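A.B. asks: What follows is model-v8.txt, made up of compact mmCIF, C-alpha atoms and all ligand atoms:
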# COMPACT_ATOMS: atom_id res chain seq x y z
CA MET A 1 14.16 12.88 4.49
CA PRO A 2 14.06 9.23 3.49
CA GLU A 3 12.76 8.96 0.00
CA PHE A 4 13.75 6.38 -2.53
CA GLU A 5 12.52 4.69 -5.66
CA ARG A 6 12.57 1.35 -7.35
CA GLU A 7 11.65 0.20 -10.80
CA THR A 8 9.98 -3.17 -11.22
CA ARG A 9 9.53 -5.03 -14.48
CA SER A 10 6.71 -7.39 -13.58
CA ALA A 11 3.90 -7.89 -11.10
CA GLU A 12 6.08 -10.52 -9.42
CA GLU A 13 8.85 -7.99 -8.88
CA THR A 14 6.37 -5.54 -7.39
CA ILE A 15 5.11 -8.23 -5.02
CA ALA A 16 8.69 -9.00 -4.03
CA PHE A 17 9.33 -5.31 -3.38
CA GLY A 18 6.21 -5.21 -1.21
CA ALA A 19 7.55 -8.13 0.82
CA GLU A 20 10.84 -6.29 1.18
CA LEU A 21 9.04 -3.25 2.56
CA ALA A 22 6.95 -5.44 4.86
CA ALA A 23 10.08 -6.76 6.52
CA HIS A 24 10.73 -3.25 7.82
CA LEU A 25 7.18 -2.34 8.66
CA ARG A 26 5.56 -2.63 12.03
CA PRO A 27 2.38 -1.22 13.47
CA PRO A 28 1.22 1.44 13.74
CA ALA A 29 1.79 2.49 10.16
CA LEU A 30 -0.41 4.09 7.55
CA VAL A 31 0.65 3.18 4.02
CA LEU A 32 -0.85 5.51 1.42
CA LEU A 33 -0.87 4.18 -2.13
CA TYR A 34 -1.20 6.53 -5.09
CA GLY A 35 -1.36 5.75 -8.79
CA GLU A 36 -3.64 5.45 -11.78
CA LEU A 37 -5.94 2.54 -12.53
CA GLY A 38 -3.82 -0.55 -13.01
CA ALA A 39 -0.65 1.12 -11.74
CA GLY A 40 -0.09 -1.76 -9.35
CA LYS A 41 -1.41 -0.56 -5.99
CA THR A 42 -3.21 -3.80 -5.21
CA THR A 43 -0.26 -5.83 -6.48
CA LEU A 44 2.11 -4.00 -4.14
CA ALA A 45 -0.40 -4.30 -1.29
CA LYS A 46 -0.47 -8.07 -1.87
CA GLY A 47 3.28 -8.18 -1.45
CA ILE A 48 3.15 -6.14 1.72
CA ILE A 49 0.25 -8.03 3.30
CA SER A 50 1.63 -11.47 2.50
CA GLY A 51 5.10 -10.26 3.50
CA LEU A 52 3.70 -9.30 6.88
CA GLY A 53 2.43 -12.85 7.21
CA ALA A 54 -1.14 -11.62 7.50
CA ALA A 55 -2.53 -13.66 4.60
CA ARG A 56 -1.49 -15.88 1.76
CA LEU A 57 -0.95 -14.20 -1.56
CA GLU A 58 -3.82 -16.02 -3.23
CA ASP A 59 -6.22 -14.92 -0.50
CA ILE A 60 -5.59 -11.23 -1.02
CA THR A 61 -7.96 -9.57 -3.47
CA SER A 62 -8.80 -6.00 -4.31
CA PRO A 63 -11.16 -4.35 -1.81
CA THR A 64 -12.64 -2.18 -4.56
CA PHE A 65 -16.21 -3.23 -3.78
CA THR A 66 -15.90 -4.29 -0.17
CA LEU A 67 -13.87 -1.14 0.65
CA VAL A 68 -12.04 -2.70 3.60
CA HIS A 69 -10.42 -6.10 4.04
CA ALA A 70 -9.20 -6.99 7.52
CA PHE A 71 -6.44 -9.50 8.11
CA GLY A 72 -5.55 -10.62 11.57
CA ASN A 73 -2.40 -12.27 12.72
CA HIS A 74 0.49 -10.78 14.60
CA GLY A 75 -1.18 -7.43 14.77
CA LEU A 76 -3.92 -6.23 12.51
CA VAL A 77 -3.60 -5.43 8.86
CA TYR A 78 -6.24 -3.54 6.90
CA HIS A 79 -6.43 -3.11 3.14
CA VAL A 80 -8.65 -0.22 2.10
CA ASP A 81 -9.69 0.95 -1.37
CA LEU A 82 -11.25 4.39 -1.66
CA TYR A 83 -11.84 4.27 -5.42
CA ARG A 84 -15.61 4.12 -5.10
CA ILE A 85 -15.78 6.62 -2.28
CA SER A 86 -17.18 10.04 -2.97
CA GLY A 87 -17.53 12.63 -0.29
CA ARG A 88 -17.20 12.91 3.42
CA HIS A 89 -20.25 10.79 4.21
CA ASP A 90 -18.98 7.78 2.28
CA LEU A 91 -15.58 8.16 3.83
CA ASP A 92 -17.03 8.22 7.32
CA SER A 93 -18.98 5.05 6.59
CA ILE A 94 -15.74 3.12 6.29
CA GLY A 95 -14.99 3.80 9.94
CA LEU A 96 -11.34 4.62 9.47
CA ASP A 97 -11.25 6.19 12.90
CA ASP A 98 -12.10 2.80 14.37
CA LEU A 99 -9.31 1.17 12.39
CA LEU A 100 -6.91 3.72 13.83
CA ALA A 101 -7.96 2.92 17.39
CA GLU A 102 -5.35 0.23 17.86
CA PRO A 103 -1.93 -0.25 16.31
CA ALA A 104 -2.21 -1.81 12.88
CA VAL A 105 -0.75 -1.61 9.42
CA ILE A 106 -3.32 0.14 7.24
CA LEU A 107 -2.88 0.21 3.46
CA VAL A 108 -5.00 2.67 1.53
CA GLU A 109 -5.46 2.64 -2.25
CA TRP A 110 -6.59 5.91 -3.88
CA ALA A 111 -5.25 7.66 -0.82
CA GLU A 112 -5.78 11.07 -2.44
CA LYS A 113 -9.41 10.68 -1.39
CA LEU A 114 -8.44 10.40 2.22
CA ALA A 115 -9.04 13.33 4.53
CA LEU A 116 -7.50 12.30 7.75
CA ARG A 117 -5.49 13.67 10.58
CA THR A 118 -3.44 11.14 12.46
CA ASP A 119 -0.38 10.82 14.66
CA TRP A 120 0.50 7.58 12.94
CA PRO A 121 3.65 7.36 10.89
CA VAL A 122 2.70 7.70 7.25
CA ILE A 123 4.44 6.08 4.30
CA GLU A 124 3.51 7.46 0.91
CA ILE A 125 4.00 5.23 -2.11
CA ARG A 126 3.46 6.43 -5.67
CA LEU A 127 3.28 3.98 -8.54
CA GLU A 128 3.66 5.04 -12.14
CA SER A 129 3.43 3.10 -15.34
CA SER A 130 5.93 4.26 -17.92
CA GLY A 131 3.72 3.36 -20.84
CA ALA A 132 2.64 0.19 -22.53
CA ASP A 133 5.11 -2.21 -20.95
CA ASP A 134 5.25 -3.83 -17.53
CA ARG A 135 7.67 -1.41 -15.93
CA ARG A 136 6.52 0.49 -12.90
CA ARG A 137 8.29 3.27 -11.10
CA ILE A 138 7.64 3.06 -7.38
CA ARG A 139 8.53 6.02 -5.20
CA VAL A 140 8.52 5.62 -1.45
CA ARG A 141 8.47 8.51 0.97
CA ASP A 142 8.99 7.64 4.61
CA GLU A 143 9.24 10.93 6.40
CA ALA A 144 8.53 9.50 9.83
CA GLY A 145 11.04 6.67 9.54
CA ALA A 146 8.29 4.07 9.76
CA LEU A 147 10.29 1.61 7.68
CA HIS A 148 12.44 0.53 10.58
CA GLY A 149 16.01 -0.23 9.72
CA LEU A 150 15.52 0.38 6.02
CA ALA A 151 18.48 2.68 5.73
CA GLN A 152 19.06 3.31 2.07
CA PRO A 153 17.94 0.60 -0.27
CA ALA A 154 19.54 0.42 -3.68
CA ARG A 155 18.75 3.58 -5.56
CA GLY A 156 17.52 3.63 -9.12
CA THR A 157 17.98 -0.05 -9.91
N1 LIG A 201 5.68 -4.07 -12.71
C1 LIG A 201 4.39 -4.30 -12.37
N2 LIG A 201 3.96 -4.06 -11.13
C2 LIG A 201 2.66 -4.25 -10.80
N3 LIG A 201 1.72 -4.71 -11.64
C3 LIG A 201 2.10 -4.97 -12.91
C4 LIG A 201 3.44 -4.78 -13.32
N4 LIG A 201 3.53 -5.12 -14.64
C5 LIG A 201 2.31 -5.49 -15.00
N5 LIG A 201 1.43 -5.42 -13.98
C6 LIG A 201 -0.01 -5.72 -14.08
O1 LIG A 201 -0.71 -4.51 -13.90
C7 LIG A 201 -1.91 -4.75 -13.17
C8 LIG A 201 -1.90 -3.96 -11.89
O2 LIG A 201 -3.16 -4.11 -11.29
P1 LIG A 201 -3.48 -3.66 -9.82
O3 LIG A 201 -4.82 -4.20 -9.51
O4 LIG A 201 -2.36 -3.99 -8.91
O5 LIG A 201 -3.53 -2.09 -10.01
P2 LIG A 201 -4.23 -1.00 -9.06
O6 LIG A 201 -3.32 0.17 -9.05
O7 LIG A 201 -4.57 -1.60 -7.77
O8 LIG A 201 -5.54 -0.66 -9.89
P3 LIG A 201 -6.93 -0.09 -9.35
O9 LIG A 201 -6.81 1.40 -9.42
O10 LIG A 201 -7.93 -0.62 -10.30
O11 LIG A 201 -7.14 -0.56 -7.95
C9 LIG A 201 -1.97 -6.24 -12.91
O12 LIG A 201 -2.70 -6.84 -13.93
C10 LIG A 201 -0.51 -6.65 -12.99
O13 LIG A 201 -0.33 -8.00 -13.37
MG MG A 202 -6.35 -1.76 -6.74
What is this file in structure tokens?
Ligand SMILES: Nc1ncnc2c1ncn2[C@@H]1O[C@H](COP(=O)(O)OP(=O)(O)OP(=O)(O)O)[C@@H](O)[C@H]1O
Ligand SMILES: [Mg+2]

C.D. replies:
Amino acid sequence: MPEFERETRSAEETIAFGAELAAHLRPPALVLLYGELGAGKTTLAKGIISGLGAARLEDITSPTFTLVHAFGNHGLVYHVDLYRISGRHDLDSIGLDDLLAEPAVILVEWAEKLALRTDWPVIEIRLESSGADDRRRIRVRDEAGALHGLAQPARGT
């Protein structure tokens, strides 16, 4: 089962890794992002979204308060943040089912809050800070092979 990890040493490296992933990503795909506050979920999402060509880096901000940002281009890209969501009612208000109605790339921060059944290929990404420095361990799990052609990227760099 395709699972690999990467360590980055700066936000820039995480963005670059996101762009690398984006090059292998095509809709439909559900990208679930896990990690503590400040782990780098939004930073990685920026790399993926800009890498997909859906928006410029500087135009991508955290959807913490808006909950969903939609980017249109060659296919739809949605950036969702569930941090402020509590309970089924809130979750329903986001209208995730509508987002899943047509092929898109959907990135979800605080994905542990998601209760969803879908046929879409799911990519799980876990970000961990190792402590006080800028290193982040990023683990990618792509059970459905949604990262097309990404055979076996360099392990444990
Ligand atoms: N290697 C790294 N990868 C990603 N971000 C890093 C790294 N090193 C330092 N940072 C910094 O850590 C912060 C990560 O913030 P970011 O908003 O991406 O986290 P988040 O997981 O989305 O947090 P939140 O739970 O609040 O949404 C940024 O300030 C970024 O510059
Ligand atoms: Mg965030």

A.B. asks: Please list, as number ranges by chain, the residues that have an atom at most 12 Å away from (1.7, -10.7, 1.6) in the coordinates of this file, counting all atoms listed in the file.

C.D. replies: A: 12, 14-23, 42-61, 71, 73, 77-79, 107

A.B. asks: Please extract the residues at most 10 Å from ligand LIG 201 (chain A), counting all atoms listed in the file, and provide them as a ChimeraX atom specification, using the chain letters and residue numbers of this document.

C.D. replies: /A:7-17,33-46,61-64,81-83,109-110,126-130,132-138

A.B. asks: Atom CA of A:Glu143 to atom CA of A:Pro2: how many Å, to one decimal?

C.D. replies: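 A separation of 5.9 Å between them.
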
A.B. asks: Just give me the gap between atom CA of A:Gly75 and atom CA of A:Val105 in Å, one decimal is fine.

C.D. replies: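 Distance reported for this atom pair: 7.9 Å.
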
A.B. asks: Please report the interatomic distance between atom CA of A:Pro28 and atom CA of A:Glu3 in Å with one decimal.

C.D. replies: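 Interatomic distance, atom CA of A:Pro28 to atom CA of A:Glu3: 19.5 Å.
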
A.B. asks: Name the residues in contact with A:Arg117 at a cut-off of 12 Å, using only C-alpha atoms, excluding same-chain residues fewer than 5 positions from it; report them as a list in words.

C.D. replies: Leu30, Leu96, Asp97, Leu100 and Val122 of chain A

A.B. asks: Pick from A:Leu116, A:Leu76, A:Leu25, A:Ala111: nearest to ligand MG 202 (chain A), with all atoms listed in the file counted?

C.D. replies: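 Closest residue, counting all atoms listed in the file: A:Ala111.
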
A.B. asks: Kindly add N, CA and C atoms to the incomplete stretch 113-124 of chain A and provide the output as a PDB file, keeping the file's coordinate frame.

C.D. replies:
ATOM      1  N   LYS A 113      -8.042  10.410  -1.845  1.00  0.00           N
ATOM      2  CA  LYS A 113      -9.410  10.680  -1.390  1.00  0.00           C
ATOM      3  C   LYS A 113      -9.521  10.737   0.129  1.00  0.00           C
ATOM      4  N   LEU A 114      -8.418  10.456   0.772  1.00  0.00           N
ATOM      5  CA  LEU A 114      -8.440  10.400   2.220  1.00  0.00           C
ATOM      6  C   LEU A 114      -8.320  11.796   2.811  1.00  0.00           C
ATOM      7  N   ALA A 115      -9.184  12.085   3.777  1.00  0.00           N
ATOM      8  CA  ALA A 115      -9.040  13.330   4.530  1.00  0.00           C
ATOM      9  C   ALA A 115      -8.929  12.905   5.978  1.00  0.00           C
ATOM     10  N   LEU A 116      -7.728  12.933   6.461  1.00  0.00           N
ATOM     11  CA  LEU A 116      -7.500  12.300   7.750  1.00  0.00           C
ATOM     12  C   LEU A 116      -6.368  12.990   8.484  1.00  0.00           C
ATOM     13  N   ARG A 117      -6.587  13.184   9.753  1.00  0.00           N
ATOM     14  CA  ARG A 117      -5.490  13.670  10.580  1.00  0.00           C
ATOM     15  C   ARG A 117      -5.118  12.567  11.550  1.00  0.00           C
ATOM     16  N   THR A 118      -3.863  12.228  11.572  1.00  0.00           N
ATOM     17  CA  THR A 118      -3.440  11.140  12.460  1.00  0.00           C
ATOM     18  C   THR A 118      -2.011  11.342  12.948  1.00  0.00           C
ATOM     19  N   ASP A 119      -1.742  10.796  14.108  1.00  0.00           N
ATOM     20  CA  ASP A 119      -0.380  10.820  14.660  1.00  0.00           C
ATOM     21  C   ASP A 119       0.445   9.669  14.096  1.00  0.00           C
ATOM     22  N   TRP A 120      -0.204   8.768  13.415  1.00  0.00           N
ATOM     23  CA  TRP A 120       0.500   7.580  12.940  1.00  0.00           C
ATOM     24  C   TRP A 120       1.578   7.935  11.918  1.00  0.00           C
ATOM     25  N   PRO A 121       2.652   7.196  11.947  1.00  0.00           N
ATOM     26  CA  PRO A 121       3.650   7.360  10.890  1.00  0.00           C
ATOM     27  C   PRO A 121       3.025   7.015   9.541  1.00  0.00           C
ATOM     28  N   VAL A 122       3.283   7.866   8.576  1.00  0.00           N
ATOM     29  CA  VAL A 122       2.700   7.700   7.250  1.00  0.00           C
ATOM     30  C   VAL A 122       3.789   7.371   6.228  1.00  0.00           C
ATOM     31  N   ILE A 123       3.534   6.401   5.405  1.00  0.00           N
ATOM     32  CA  ILE A 123       4.440   6.080   4.300  1.00  0.00           C
ATOM     33  C   ILE A 123       3.664   6.312   3.007  1.00  0.00           C
ATOM     34  N   GLU A 124       4.191   7.176   2.171  1.00  0.00           N
ATOM     35  CA  GLU A 124       3.510   7.460   0.910  1.00  0.00           C
ATOM     36  C   GLU A 124       4.212   6.700  -0.216  1.00  0.00           C
TER      37      GLU A 124
END
